$ cat protein.txt   # compact mmCIF, C-alpha atoms
# COMPACT_ATOMS: atom_id res chain seq x y z
CA MET A 1 -9.07 15.48 22.12
CA ALA A 2 -6.34 18.05 22.40
CA PHE A 3 -5.04 17.54 18.91
CA ILE A 4 -8.37 18.10 17.15
CA ARG A 5 -7.88 21.20 15.05
CA THR A 6 -8.18 22.47 11.53
CA VAL A 7 -5.14 21.76 9.37
CA HIS A 8 -4.48 24.22 6.60
CA ALA A 9 -2.25 22.39 4.12
CA THR A 10 -1.54 25.12 1.61
CA ALA A 11 1.28 25.52 -0.82
CA GLY A 12 1.56 29.27 -0.47
CA ASN A 13 4.18 31.18 1.49
CA GLY A 14 1.76 33.41 3.41
CA PRO A 15 0.85 32.89 7.06
CA LEU A 16 -1.56 30.12 7.82
CA PRO A 17 -4.99 31.08 9.22
CA GLU A 18 -5.37 30.71 12.93
CA ALA A 19 -6.70 27.32 14.11
CA VAL A 20 -10.11 27.06 15.63
CA SER A 21 -8.88 25.57 18.90
CA ALA A 22 -6.22 26.41 21.43
CA ALA A 23 -3.95 23.66 20.13
CA PRO A 24 -1.57 24.93 17.42
CA ALA A 25 -2.17 23.81 13.86
CA ARG A 26 0.46 21.56 12.37
CA PRO A 27 1.42 23.19 9.06
CA SER A 28 2.17 20.59 6.45
CA GLU A 29 5.42 22.21 5.42
CA ALA A 30 6.55 23.71 8.71
CA VAL A 31 10.21 23.17 9.52
CA SER A 32 10.09 23.25 13.26
CA PRO A 33 12.90 21.19 14.81
CA GLY A 34 11.82 22.30 18.24
CA GLY A 35 8.18 21.50 17.58
CA GLU A 36 6.28 18.80 19.37
CA PRO A 37 6.30 15.52 17.40
CA MET A 38 3.09 13.74 16.45
CA SER A 39 1.59 11.95 19.45
CA SER A 40 1.90 8.17 19.69
CA GLY A 41 -1.89 7.91 19.94
CA LEU A 42 -2.40 9.67 16.62
CA ARG A 43 0.27 7.53 14.97
CA LEU A 44 -1.41 4.39 16.27
CA LEU A 45 -4.76 5.59 14.94
CA LEU A 46 -3.35 6.26 11.48
CA ALA A 47 -1.33 3.03 11.30
CA SER A 48 -4.14 0.78 12.54
CA GLY A 49 -6.67 2.54 10.31
CA ALA A 50 -4.52 1.95 7.24
CA GLY A 51 -3.90 -1.69 8.14
CA LEU A 52 -7.47 -2.66 9.00
CA SER A 53 -8.92 -0.98 5.92
CA VAL A 54 -6.51 -2.48 3.38
CA ALA A 55 -6.85 -5.91 5.05
CA SER A 56 -10.48 -5.94 3.87
CA ILE A 57 -9.45 -6.76 0.30
CA TYR A 58 -7.36 -9.77 1.36
CA TYR A 59 -9.59 -11.53 3.89
CA SER A 60 -11.45 -13.48 1.21
CA GLN A 61 -8.45 -15.19 -0.38
CA PRO A 62 -7.98 -18.10 2.08
CA MET A 63 -11.76 -18.55 2.45
CA LEU A 64 -12.78 -19.04 -1.19
CA GLY A 65 -13.29 -22.80 -0.95
CA VAL A 66 -15.49 -22.51 2.13
CA MET A 67 -17.43 -19.58 0.66
CA GLY A 68 -18.18 -21.40 -2.57
CA ALA A 69 -19.44 -24.50 -0.76
CA THR A 70 -21.66 -22.44 1.54
CA ILE A 71 -23.45 -20.41 -1.11
CA GLY A 72 -23.37 -23.04 -3.85
CA ALA A 73 -21.07 -21.12 -6.20
CA SER A 74 -18.53 -22.67 -8.56
CA ASP A 75 -14.80 -22.23 -8.05
CA THR A 76 -14.71 -19.98 -11.12
CA ALA A 77 -17.51 -17.74 -9.85
CA VAL A 78 -16.17 -17.39 -6.32
CA GLY A 79 -12.72 -16.70 -7.77
CA PHE A 80 -14.06 -13.33 -8.92
CA VAL A 81 -14.40 -12.19 -5.30
CA PRO A 82 -10.69 -11.31 -4.80
CA THR A 83 -10.50 -10.17 -8.44
CA LEU A 84 -13.22 -7.59 -7.85
CA ASN A 85 -11.62 -6.61 -4.54
CA GLN A 86 -8.38 -5.76 -6.34
CA MET A 87 -10.13 -4.17 -9.32
CA GLY A 88 -12.20 -1.98 -7.01
CA TYR A 89 -9.10 -0.95 -5.09
CA ALA A 90 -7.24 0.04 -8.27
CA LEU A 91 -10.26 1.99 -9.55
CA GLY A 92 -10.65 3.64 -6.15
CA ILE A 93 -7.05 4.83 -6.16
CA LEU A 94 -7.50 6.34 -9.61
CA LEU A 95 -11.02 7.77 -9.25
CA LEU A 96 -11.46 8.49 -5.52
CA ALA A 97 -8.04 9.09 -3.94
CA PRO A 98 -7.54 12.49 -5.71
CA LEU A 99 -10.61 13.80 -3.85
CA GLY A 100 -8.41 14.21 -0.78
CA ASP A 101 -7.02 17.40 -2.31
CA ARG A 102 -10.49 18.80 -3.04
CA PHE A 103 -12.36 18.01 0.20
CA ASP A 104 -11.69 17.64 3.90
CA ARG A 105 -9.74 14.36 4.21
CA ARG A 106 -11.28 13.68 7.59
CA ARG A 107 -14.76 13.69 6.06
CA ILE A 108 -13.65 11.40 3.23
CA ILE A 109 -12.10 8.95 5.70
CA LEU A 110 -15.28 8.88 7.80
CA ILE A 111 -17.55 8.35 4.78
CA LYS A 112 -15.37 5.57 3.37
CA ALA A 113 -15.11 3.87 6.77
CA ALA A 114 -18.90 3.86 7.10
CA LEU A 115 -19.43 2.52 3.57
CA LEU A 116 -16.69 -0.11 3.92
CA SER A 117 -18.12 -1.34 7.22
CA LEU A 118 -21.61 -1.53 5.70
CA ALA A 119 -20.32 -3.39 2.62
CA LEU A 120 -18.52 -5.97 4.77
CA LEU A 121 -21.64 -6.46 6.87
CA LEU A 122 -23.72 -7.01 3.72
CA GLY A 123 -21.09 -9.49 2.55
CA SER A 124 -21.54 -11.51 5.73
CA LEU A 125 -25.27 -11.74 4.98
CA ALA A 126 -25.00 -12.44 1.23
CA PRO A 127 -27.30 -15.35 0.29
CA GLY A 128 -25.66 -15.93 -3.09
CA ILE A 129 -22.76 -15.12 -5.34
CA GLY A 130 -24.45 -12.14 -7.05
CA LEU A 131 -24.62 -9.90 -3.98
CA LEU A 132 -21.22 -11.13 -2.79
CA LEU A 133 -19.58 -10.06 -6.06
CA ALA A 134 -21.25 -6.64 -5.96
CA VAL A 135 -20.12 -6.20 -2.36
CA SER A 136 -16.57 -7.22 -3.29
CA LEU A 137 -16.29 -4.35 -5.77
CA VAL A 138 -17.58 -1.86 -3.20
CA VAL A 139 -15.18 -3.23 -0.58
CA GLY A 140 -12.28 -2.61 -2.95
CA LEU A 141 -13.43 0.93 -3.77
CA THR A 142 -13.93 1.98 -0.16
CA ALA A 143 -10.86 0.18 1.24
CA THR A 144 -8.89 2.95 -0.48
CA LEU A 145 -9.42 4.97 2.69
CA ALA A 146 -5.93 3.58 3.45
CA GLN A 147 -4.71 5.78 0.60
CA ASP A 148 -6.40 8.78 2.25
CA ILE A 149 -4.80 8.04 5.60
CA VAL A 150 -1.21 8.03 4.28
CA PRO A 151 -1.36 11.56 2.77
CA ALA A 152 -3.16 12.69 5.93
CA ALA A 153 -0.23 11.41 7.99
CA ALA A 154 2.24 13.22 5.74
CA THR A 155 0.26 16.45 6.13
CA LEU A 156 0.04 16.19 9.92
CA ALA A 157 3.76 15.48 10.33
CA PHE A 158 6.40 18.17 10.61
CA GLU A 159 8.83 18.09 7.70
CA HIS A 160 11.73 16.78 9.77
CA GLU A 161 9.67 13.75 10.94
CA ARG A 162 7.65 13.06 7.79
CA GLY A 163 9.62 10.02 6.66
CA LYS A 164 9.38 8.40 10.09
CA VAL A 165 5.64 9.07 10.34
CA VAL A 166 4.92 7.78 6.82
CA GLY A 167 7.06 4.72 7.58
CA THR A 168 5.09 4.01 10.76
CA VAL A 169 1.75 4.26 8.94
CA MET A 170 3.05 2.06 6.13
CA THR A 171 4.09 -0.51 8.75
CA GLY A 172 0.45 -0.70 9.82
CA LEU A 173 -0.68 -0.99 6.22
CA LEU A 174 1.83 -3.73 5.40
CA LEU A 175 1.02 -5.68 8.56
CA GLY A 176 -2.64 -5.47 7.57
CA ILE A 177 -1.82 -7.14 4.26
CA LEU A 178 0.49 -9.69 5.88
CA LEU A 179 -1.76 -10.76 8.75
CA SER A 180 -5.14 -10.56 7.00
CA ARG A 181 -4.81 -13.96 5.28
CA VAL A 182 -3.59 -15.67 8.44
CA ILE A 183 -6.39 -14.23 10.59
CA SER A 184 -9.16 -14.91 8.07
CA GLY A 185 -8.00 -18.50 7.61
CA VAL A 186 -8.15 -19.18 11.35
CA VAL A 187 -11.48 -17.41 11.91
CA ALA A 188 -13.10 -19.07 8.89
CA GLU A 189 -11.94 -22.51 9.99
CA HIS A 190 -13.37 -22.19 13.49
CA PHE A 191 -16.34 -19.85 13.07
CA GLY A 192 -17.08 -19.66 9.34
CA TRP A 193 -16.37 -17.08 6.65
CA ARG A 194 -19.43 -14.97 7.52
CA ALA A 195 -18.01 -14.42 11.00
CA MET A 196 -14.82 -13.06 9.45
CA TYR A 197 -16.77 -10.52 7.43
CA MET A 198 -18.63 -9.47 10.59
CA VAL A 199 -15.38 -9.07 12.53
CA ALA A 200 -13.94 -7.05 9.65
CA ALA A 201 -17.02 -4.80 9.56
CA ALA A 202 -16.76 -4.18 13.31
CA SER A 203 -13.04 -3.39 13.11
CA VAL A 204 -13.56 -0.82 10.35
CA ALA A 205 -16.47 0.71 12.26
CA LEU A 206 -14.15 1.15 15.25
CA VAL A 207 -11.61 2.83 12.97
CA GLY A 208 -14.35 5.24 11.87
CA VAL A 209 -15.29 6.09 15.45
CA ALA A 210 -11.63 6.61 16.40
CA ALA A 211 -11.07 8.80 13.33
CA TRP A 212 -14.18 10.85 14.17
CA ARG A 213 -12.83 11.50 17.67
CA GLY A 214 -9.13 11.75 16.93
CA LEU A 215 -8.53 13.20 13.47
CA PRO A 216 -8.35 16.93 12.80
CA ARG A 217 -10.13 18.60 9.93
CA PHE A 218 -8.11 19.28 6.80
CA HIS A 219 -8.46 22.40 4.71
CA PRO A 220 -8.90 21.56 0.98
CA THR A 221 -5.86 22.47 -1.10
CA SER A 222 -7.61 22.57 -4.47
CA SER A 223 -10.83 24.08 -5.82
CA LEU A 224 -10.78 22.13 -9.09
CA SER A 225 -13.89 20.34 -10.28
CA TYR A 226 -13.86 16.55 -10.19
CA GLY A 227 -13.15 16.28 -13.92
CA ALA A 228 -10.36 18.84 -13.72
CA LEU A 229 -8.99 17.09 -10.65
CA LEU A 230 -8.65 13.82 -12.56
CA GLY A 231 -7.31 15.65 -15.59
CA SER A 232 -4.63 17.26 -13.44
CA LEU A 233 -3.05 13.84 -12.84
CA ALA A 234 -1.57 13.97 -16.34
CA GLY A 235 -0.39 17.52 -15.71
CA LEU A 236 1.39 16.48 -12.52
CA TRP A 237 3.04 13.64 -14.41
CA ARG A 238 4.34 16.02 -17.08
CA LYS A 239 5.41 18.72 -14.63
CA TYR A 240 7.41 16.76 -12.07
CA GLY A 241 10.35 14.63 -13.13
CA ALA A 242 10.71 13.39 -9.55
CA LEU A 243 7.19 11.95 -9.70
CA ARG A 244 7.86 10.22 -13.03
CA ARG A 245 11.07 8.65 -11.75
CA ALA A 246 9.47 7.54 -8.48
CA ALA A 247 6.45 6.00 -10.24
CA LEU A 248 8.58 4.31 -12.92
CA ALA A 249 11.09 2.88 -10.43
CA GLN A 250 8.36 1.59 -8.10
CA GLY A 251 6.46 0.12 -11.05
CA LEU A 252 9.56 -1.67 -12.32
CA VAL A 253 10.45 -3.27 -8.99
CA SER A 254 6.78 -4.29 -8.65
CA VAL A 255 7.07 -6.30 -11.88
CA GLY A 256 9.62 -8.63 -10.28
CA PHE A 257 7.81 -8.66 -6.94
CA SER A 258 4.54 -9.76 -8.53
CA ALA A 259 6.17 -12.20 -10.96
CA PHE A 260 7.70 -14.04 -7.99
CA TRP A 261 4.60 -14.22 -5.80
CA SER A 262 2.23 -15.11 -8.64
CA THR A 263 4.33 -18.12 -9.68
CA LEU A 264 5.69 -19.34 -6.33
CA ALA A 265 2.82 -21.72 -5.53
CA VAL A 266 3.01 -23.33 -8.99
CA MET A 267 6.78 -23.78 -8.69
CA LEU A 268 6.56 -25.28 -5.19
CA HIS A 269 3.81 -27.66 -6.30
CA GLY A 270 6.13 -29.32 -8.82
CA ALA A 271 9.33 -31.31 -8.42
CA PRO A 272 11.37 -31.51 -6.31
CA PHE A 273 9.21 -29.90 -3.60
CA HIS A 274 5.63 -31.14 -4.17
CA LEU A 275 4.29 -28.68 -1.61
CA GLY A 276 0.73 -27.43 -1.27
CA SER A 277 -0.72 -23.94 -1.21
CA ALA A 278 -0.39 -23.72 2.58
CA ALA A 279 3.39 -23.95 2.27
CA ALA A 280 3.41 -21.23 -0.38
CA GLY A 281 1.30 -19.05 1.90
CA ALA A 282 3.81 -19.52 4.71
CA PHE A 283 6.44 -17.81 2.56
CA GLY A 284 4.30 -14.68 2.86
CA LEU A 285 5.52 -14.30 6.43
CA ALA A 286 8.74 -13.07 4.86
CA GLY A 287 6.78 -9.86 4.26
CA ALA A 288 7.22 -9.08 7.94
CA ALA A 289 10.71 -7.87 7.07
CA GLY A 290 9.25 -5.25 4.77
CA ALA A 291 6.70 -4.16 7.36
CA LEU A 292 9.27 -3.87 10.15
CA GLY A 293 11.76 -2.13 7.86
CA ALA A 294 9.35 0.64 6.82
CA PRO A 295 9.84 2.97 9.83
CA VAL A 296 13.61 2.44 9.69
CA ALA A 297 13.57 3.43 6.04
CA GLY A 298 11.57 6.52 6.97
CA ARG A 299 14.13 7.59 9.57
CA ILE A 300 16.99 7.10 7.09
CA ALA A 301 15.06 9.15 4.53
CA ASP A 302 14.59 11.94 7.09
CA ARG A 303 18.31 11.99 7.88
CA PHE A 304 19.99 11.34 4.54
CA GLY A 305 17.23 12.02 2.04
CA PRO A 306 14.82 9.63 0.27
CA GLU A 307 17.12 9.27 -2.76
CA VAL A 308 19.59 7.22 -0.71
CA VAL A 309 16.84 4.88 0.49
CA THR A 310 15.41 4.33 -3.00
CA ARG A 311 18.82 3.21 -4.24
CA LEU A 312 19.41 0.98 -1.24
CA GLY A 313 16.00 -0.60 -1.74
CA ALA A 314 16.45 -1.21 -5.46
CA GLY A 315 19.93 -2.61 -4.92
CA LEU A 316 18.73 -4.95 -2.16
CA ALA A 317 15.86 -6.18 -4.32
CA ALA A 318 18.19 -6.85 -7.26
CA LEU A 319 20.70 -8.75 -5.09
CA SER A 320 17.95 -10.81 -3.46
CA PHE A 321 16.41 -11.78 -6.79
CA ALA A 322 19.83 -12.59 -8.26
CA ALA A 323 20.69 -14.82 -5.29
CA MET A 324 17.93 -17.23 -6.35
CA LEU A 325 19.87 -17.99 -9.53
CA ALA A 326 21.90 -20.36 -7.33
CA VAL A 327 18.83 -22.53 -6.62
CA PRO A 328 19.61 -25.28 -9.22
CA TRP A 329 22.94 -26.05 -7.54
CA LEU A 330 21.52 -26.61 -4.05
CA GLU A 331 19.75 -29.45 -2.28
CA PRO A 332 15.93 -29.05 -2.05
CA ASN A 333 16.05 -28.13 1.64
CA ALA A 334 18.70 -25.49 1.04
CA GLN A 335 16.74 -24.23 -1.96
CA LEU A 336 13.72 -23.52 0.25
CA TRP A 337 15.85 -21.62 2.75
CA LEU A 338 17.45 -19.57 -0.02
CA ILE A 339 14.07 -18.73 -1.56
CA ALA A 340 12.68 -17.72 1.84
CA GLY A 341 15.72 -15.54 2.58
CA SER A 342 15.58 -13.96 -0.85
CA ALA A 343 11.86 -13.27 -0.48
CA SER A 344 12.56 -11.50 2.80
CA GLY A 345 15.32 -9.44 1.17
CA PHE A 346 13.47 -8.30 -1.94
CA ASP A 347 10.28 -7.64 0.01
CA LEU A 348 12.23 -5.38 2.35
CA GLY A 349 13.84 -3.66 -0.65
CA ALA A 350 10.51 -3.06 -2.38
CA GLN A 351 8.82 -1.76 0.76
CA ILE A 352 11.57 0.66 1.80
CA MET A 353 11.57 1.94 -1.77
CA LEU A 354 7.84 2.61 -1.46
CA VAL A 355 8.22 4.49 1.83
CA ALA A 356 11.07 6.58 0.39
CA HIS A 357 9.14 7.29 -2.81
CA GLN A 358 6.10 8.40 -0.82
CA THR A 359 8.27 10.67 1.32
CA LEU A 360 9.76 12.09 -1.88
CA VAL A 361 6.51 12.74 -3.76
CA PHE A 362 4.71 14.14 -0.68
CA GLY A 363 7.36 16.86 -0.59
CA ILE A 364 6.89 17.88 -4.24
CA ASP A 365 3.60 19.77 -3.95
CA PRO A 366 1.74 19.89 -0.61
CA ALA A 367 -1.46 20.98 -2.37
CA ALA A 368 -1.55 17.81 -4.51
CA ARG A 369 -0.51 15.07 -2.10
CA SER A 370 -3.54 12.84 -2.71
CA ARG A 371 -3.13 13.06 -6.48
CA LEU A 372 0.63 12.49 -6.33
CA ASN A 373 0.04 9.40 -4.17
CA ALA A 374 -2.61 8.19 -6.63
CA VAL A 375 -0.18 8.44 -9.57
CA LEU A 376 2.49 6.55 -7.63
CA PHE A 377 0.14 3.71 -6.66
CA VAL A 378 -1.51 3.42 -10.07
CA CYS A 379 1.93 2.89 -11.62
CA MET A 380 2.78 0.37 -8.91
CA PHE A 381 -0.42 -1.58 -9.61
CA ILE A 382 0.32 -1.51 -13.35
CA GLY A 383 3.74 -3.00 -12.61
CA MET A 384 2.19 -5.70 -10.43
CA SER A 385 -0.33 -6.58 -13.14
CA VAL A 386 2.41 -6.81 -15.77
CA GLY A 387 4.52 -8.94 -13.42
CA ALA A 388 1.70 -11.38 -12.67
CA ALA A 389 0.87 -11.84 -16.36
CA SER A 390 4.45 -12.05 -17.63
CA GLY A 391 5.57 -14.27 -14.74
CA SER A 392 2.97 -16.90 -15.57
CA VAL A 393 3.92 -16.89 -19.26
CA VAL A 394 7.66 -17.02 -18.54
CA LEU A 395 7.27 -19.87 -16.04
CA ALA A 396 5.22 -21.93 -18.49
CA ARG A 397 7.65 -21.46 -21.37
CA TRP A 398 11.10 -21.26 -19.81
CA GLY A 399 10.83 -22.29 -16.17
CA TRP A 400 11.58 -20.83 -12.77
CA MET A 401 15.07 -19.57 -13.57
CA ALA A 402 13.60 -17.39 -16.32
CA VAL A 403 11.21 -15.88 -13.76
CA THR A 404 14.19 -15.17 -11.52
CA LEU A 405 16.00 -13.46 -14.41
CA LEU A 406 12.90 -11.37 -15.17
CA ALA A 407 12.65 -10.26 -11.54
CA THR A 408 16.37 -9.46 -11.34
CA ALA A 409 16.23 -7.45 -14.57
CA SER A 410 13.21 -5.44 -13.38
CA ALA A 411 14.96 -4.55 -10.09
CA LEU A 412 18.14 -3.55 -11.92
CA ALA A 413 16.06 -1.36 -14.23
CA ALA A 414 14.52 0.31 -11.17
CA LEU A 415 18.01 0.90 -9.76
CA ALA A 416 19.10 2.44 -13.08
CA VAL A 417 16.15 4.85 -12.93
CA ARG A 418 17.16 5.92 -9.41
CA LEU A 419 20.78 6.37 -10.47
CA PHE A 420 19.79 8.56 -13.41
CA PRO A 421 21.96 11.73 -13.30
CA GLY A 422 19.00 14.12 -13.09
CA ALA A 423 17.29 12.28 -10.24
CA ARG A 424 18.89 14.35 -7.47
CA SER A 425 17.58 17.68 -8.65
CA ALA A 426 14.25 16.56 -10.08
CA ARG A 427 11.27 18.54 -8.88
$ encode --input "protein.txt" --output "structure tokens"
Amino acid sequence: MAFIRTVHATAGNGPLPEAVSAAPARPSEAVSPGGEPMSSGLRLLLASGAGLSVASIYYSQPMLGVMGATIGASDTAVGFVPTLNQMGYALGILLLAPLGDRFDRRRIILIKAALLSLALLLGSLAPGIGLLLAVSLVVGLTATLAQDIVPAAATLAFEHERGKVVGTVMTGLLLGILLSRVISGVVAEHFGWRAMYMVAAASVALVGVAAWRGLPRFHPTSSLSYGALLGSLAGLWRKYGALRRAALAQGLVSVGFSAFWSTLAVMLHGAPFHLGSAAAGAFGLAGAAGALGAPVAGRIADRFGPEVVTRLGAGLAALSFAAMLAVPWLEPNAQLWLIAGSASGFDLGAQIMLVAHQTLVFGIDPAARSRLNAVLFVCMFIGMSVGAASGSVVLARWGWMAVTLLATASALAALAVRLFPGARSAR
């Protein structure tokens, strides 16, 4: 393809080495308003690759009952499948994502795509719970190729279009999360859960083939050893105030986000709703607002700066959470509509914050984009873990309104971090 070339993403000010093909290299920090924007085909490749890879850790959730009955595993045992998916993903972000600064990102993406496809295929053939659990951990680890694709997109984009490109790729990632449960539920119901794993393996294999044909090579931006690479995460945290604020704000808003979603099904199951898990799952469609809002947030970040978008996102999340405080004074039907509308609002707020924060941290140090992204996502996952644990405790002791207050307070705290006087100039 015409755009296959070597990308030299260096932090220095000297001239970039000449590309190996006739097509011009896309310098990661080039300010070239007259330059040719990233092709729609490459954007589609990056967005679909991110979505299909991250979807792999969510396919199992609607299929757990069927899986347990098929392989003779208890509900408790099969419940560890999504747990290990998430655990593997978190570990992969921390331990594997930084490698994108040390090695050619294209090679990492291809290796992870091959391993993820193989793991999903093995999962479809698993005779018992033991192999399925081992596969689940590997699926989580290798699904982090989504977190290699996002920094790759930021590197390939010209500076003036970076927010829009990152937003487009994040739309693919978020749609992968949103649609994965719906698709796996339908496929498992009609063809069985093993068929879903086979379809997932094939889709990731296709991503690998497309990446092999369509992605350029990336020049490593660091020569650190693996241990030093991981150790440098703490150094980046200490060095860049902008990174600390972005990670803290995203982690805080994630507390409220996770507290809501981890307690919604329990709340809807009780009076006055008495709704099942399918109804709670339907509320997840509100996430479409966040997915569709991601590229818009990227364009606003390109035009007015990511700081503006982070504040808009935090403010929208806080208002949406606070609106649910009116639930006790409404009829049950109106309560459901308010909760659905609020979920759409705070999901949009959290997602546009994430796009803006990624745009911000990717501009801090081009030579450390994979590590900066890893720090941001580790803090986000910590916030989600804290939210899930605290939300369950708060709901059990003080009820749904207390969960709403917790979520509102976390979003307001995130807004306060973004309004901190030094945030504008942090680097």
$ closest_atom_pairs --input "protein.txt" --of "region 171-203 of chain A" --to "region 129-151 of chain A" --cutoff "12 Å" --atoms "only C-alpha atoms" --output "tab-separated table"
residue	atom	partner	partner_atom	distance
A:Thr171	CA	A:Val150	CA	11.0
A:Gly172	CA	A:Ala146	CA	10.0
A:Leu173	CA	A:Ala146	CA	7.5
A:Leu174	CA	A:Ala146	CA	10.8
A:Gly176	CA	A:Ala146	CA	10.5
A:Ile177	CA	A:Ala146	CA	11.5
A:Arg194	CA	A:Leu132	CA	11.1
A:Tyr197	CA	A:Val139	CA	10.9
A:Ala200	CA	A:Val139	CA	11.0
A:Ala201	CA	A:Val139	CA	10.4
$ residues_around --input "protein.txt" --residues "region 370-384 of chain A" --least-positions-apart "2" --cutoff "9 Å" --atoms "only C-alpha atoms" --output "ChimeraX atom specification"
/A:90-91,93-101,147-148,150-152,229-230,232-234,236-237,243-244,246-259,357-358,361-362,364-365,367-368,386-389
$ closest_atom_pairs --input "protein.txt" --of "region 195-261 of chain A" --to "region 112-121 of chain A" --cutoff "9 Å" --atoms "all atoms listed in the file" --output "Markdown table"
| residue | atom | partner | partner_atom | distance |
| --- | --- | --- | --- | --- |
| A:Tyr197 | CA | A:Leu120 | CA | 5.6 |
| A:Met198 | CA | A:Leu121 | CA | 5.7 |
| A:Val199 | CA | A:Leu121 | CA | 8.8 |
| A:Ala200 | CA | A:Leu120 | CA | 6.8 |
| A:Ala201 | CA | A:Ser117 | CA | 4.3 |
| A:Ala202 | CA | A:Ser117 | CA | 6.9 |
| A:Ser203 | CA | A:Ser117 | CA | 8.0 |
| A:Val204 | CA | A:Ser117 | CA | 5.6 |
| A:Ala205 | CA | A:Ser117 | CA | 5.7 |
| A:Leu206 | CA | A:Ala113 | CA | 9.0 |
| A:Val207 | CA | A:Ala113 | CA | 7.2 |
| A:Gly208 | CA | A:Ala113 | CA | 5.3 |
| A:Val209 | CA | A:Ala113 | CA | 9.0 |
$ residues_around --input "protein.txt" --residues "Thr408 (chain A)" --least-positions-apart "6" --cutoff "8 Å" --atoms "all atoms listed in the file" --output "VMD selection string"
chain A and resid 256 317 to 319 321 to 322
$ atom_distance --input "protein.txt" --atom1 "CA of Gly41 (chain A)" --atom2 "CA of Val166 (chain A)"
14.8 Å
$ residues_around --input "protein.txt" --residues "Pro220 (chain A)" --least-positions-apart "3" --cutoff "7 Å" --atoms "only C-alpha atoms" --output "list of chain:residue names"
A:Asp101, A:Arg102, A:Phe103, A:Asp104
$ residues_around --input "protein.txt" --residues "Pro62 (chain A)" --least-positions-apart "6" --cutoff "8 Å" --atoms "only C-alpha atoms" --output "ChimeraX atom specification"
/A:181,184-185
$ atom_distance --input "protein.txt" --atom1 "CA of Ser342 (chain A)" --atom2 "CA of Gly79 (chain A)"
29.3 Å
$ build_atoms --input "protein.txt" --residues "region 326-337 of chain A" --atoms "N, CA, C and O atoms" --output "mmCIF file, in the coordinates of the input"
data_model
loop_
_atom_site.group_PDB
_atom_site.id
_atom_site.type_symbol
_atom_site.label_atom_id
_atom_site.label_comp_id
_atom_site.auth_asym_id
_atom_site.auth_seq_id
_atom_site.Cartn_x
_atom_site.Cartn_y
_atom_site.Cartn_z
ATOM 1 N N ALA A 326 21.098 -19.240 -7.830
ATOM 2 C CA ALA A 326 21.900 -20.360 -7.330
ATOM 3 C C ALA A 326 21.048 -21.564 -6.955
ATOM 4 O O ALA A 326 21.590 -22.625 -6.591
ATOM 5 N N VAL A 327 19.737 -21.450 -7.036
ATOM 6 C CA VAL A 327 18.830 -22.530 -6.620
ATOM 7 C C VAL A 327 19.140 -23.869 -7.270
ATOM 8 O O VAL A 327 19.163 -24.914 -6.589
ATOM 9 N N PRO A 328 19.391 -23.968 -8.596
ATOM 10 C CA PRO A 328 19.610 -25.280 -9.220
ATOM 11 C C PRO A 328 20.793 -26.061 -8.668
ATOM 12 O O PRO A 328 20.858 -27.279 -8.826
ATOM 13 N N TRP A 329 21.729 -25.368 -8.027
ATOM 14 C CA TRP A 329 22.940 -26.050 -7.540
ATOM 15 C C TRP A 329 22.841 -26.435 -6.069
ATOM 16 O O TRP A 329 23.824 -26.881 -5.476
ATOM 17 N N LEU A 330 21.684 -26.310 -5.469
ATOM 18 C CA LEU A 330 21.520 -26.610 -4.050
ATOM 19 C C LEU A 330 20.580 -27.788 -3.847
ATOM 20 O O LEU A 330 19.793 -28.137 -4.726
ATOM 21 N N GLU A 331 20.684 -28.402 -2.663
ATOM 22 C CA GLU A 331 19.750 -29.450 -2.280
ATOM 23 C C GLU A 331 18.362 -28.831 -2.032
ATOM 24 O O GLU A 331 18.268 -27.643 -1.704
ATOM 25 N N PRO A 332 17.274 -29.596 -2.212
ATOM 26 C CA PRO A 332 15.930 -29.050 -2.050
ATOM 27 C C PRO A 332 15.712 -28.281 -0.747
ATOM 28 O O PRO A 332 15.087 -27.226 -0.733
ATOM 29 N N ASN A 333 16.225 -28.823 0.362
ATOM 30 C CA ASN A 333 16.050 -28.130 1.640
ATOM 31 C C ASN A 333 16.729 -26.772 1.625
ATOM 32 O O ASN A 333 16.168 -25.761 2.072
ATOM 33 N N ALA A 334 17.959 -26.747 1.114
ATOM 34 C CA ALA A 334 18.700 -25.490 1.040
ATOM 35 C C ALA A 334 18.041 -24.525 0.047
ATOM 36 O O ALA A 334 18.068 -23.301 0.236
ATOM 37 N N GLN A 335 17.441 -25.073 -1.002
ATOM 38 C CA GLN A 335 16.740 -24.230 -1.960
ATOM 39 C C GLN A 335 15.603 -23.456 -1.284
ATOM 40 O O GLN A 335 15.418 -22.254 -1.526
ATOM 41 N N LEU A 336 14.835 -24.161 -0.440
ATOM 42 C CA LEU A 336 13.720 -23.520 0.250
ATOM 43 C C LEU A 336 14.207 -22.402 1.171
ATOM 44 O O LEU A 336 13.604 -21.319 1.236
ATOM 45 N N TRP A 337 15.313 -22.655 1.868
ATOM 46 C CA TRP A 337 15.850 -21.620 2.750
ATOM 47 C C TRP A 337 16.339 -20.422 1.946
ATOM 48 O O TRP A 337 16.141 -19.263 2.362
#
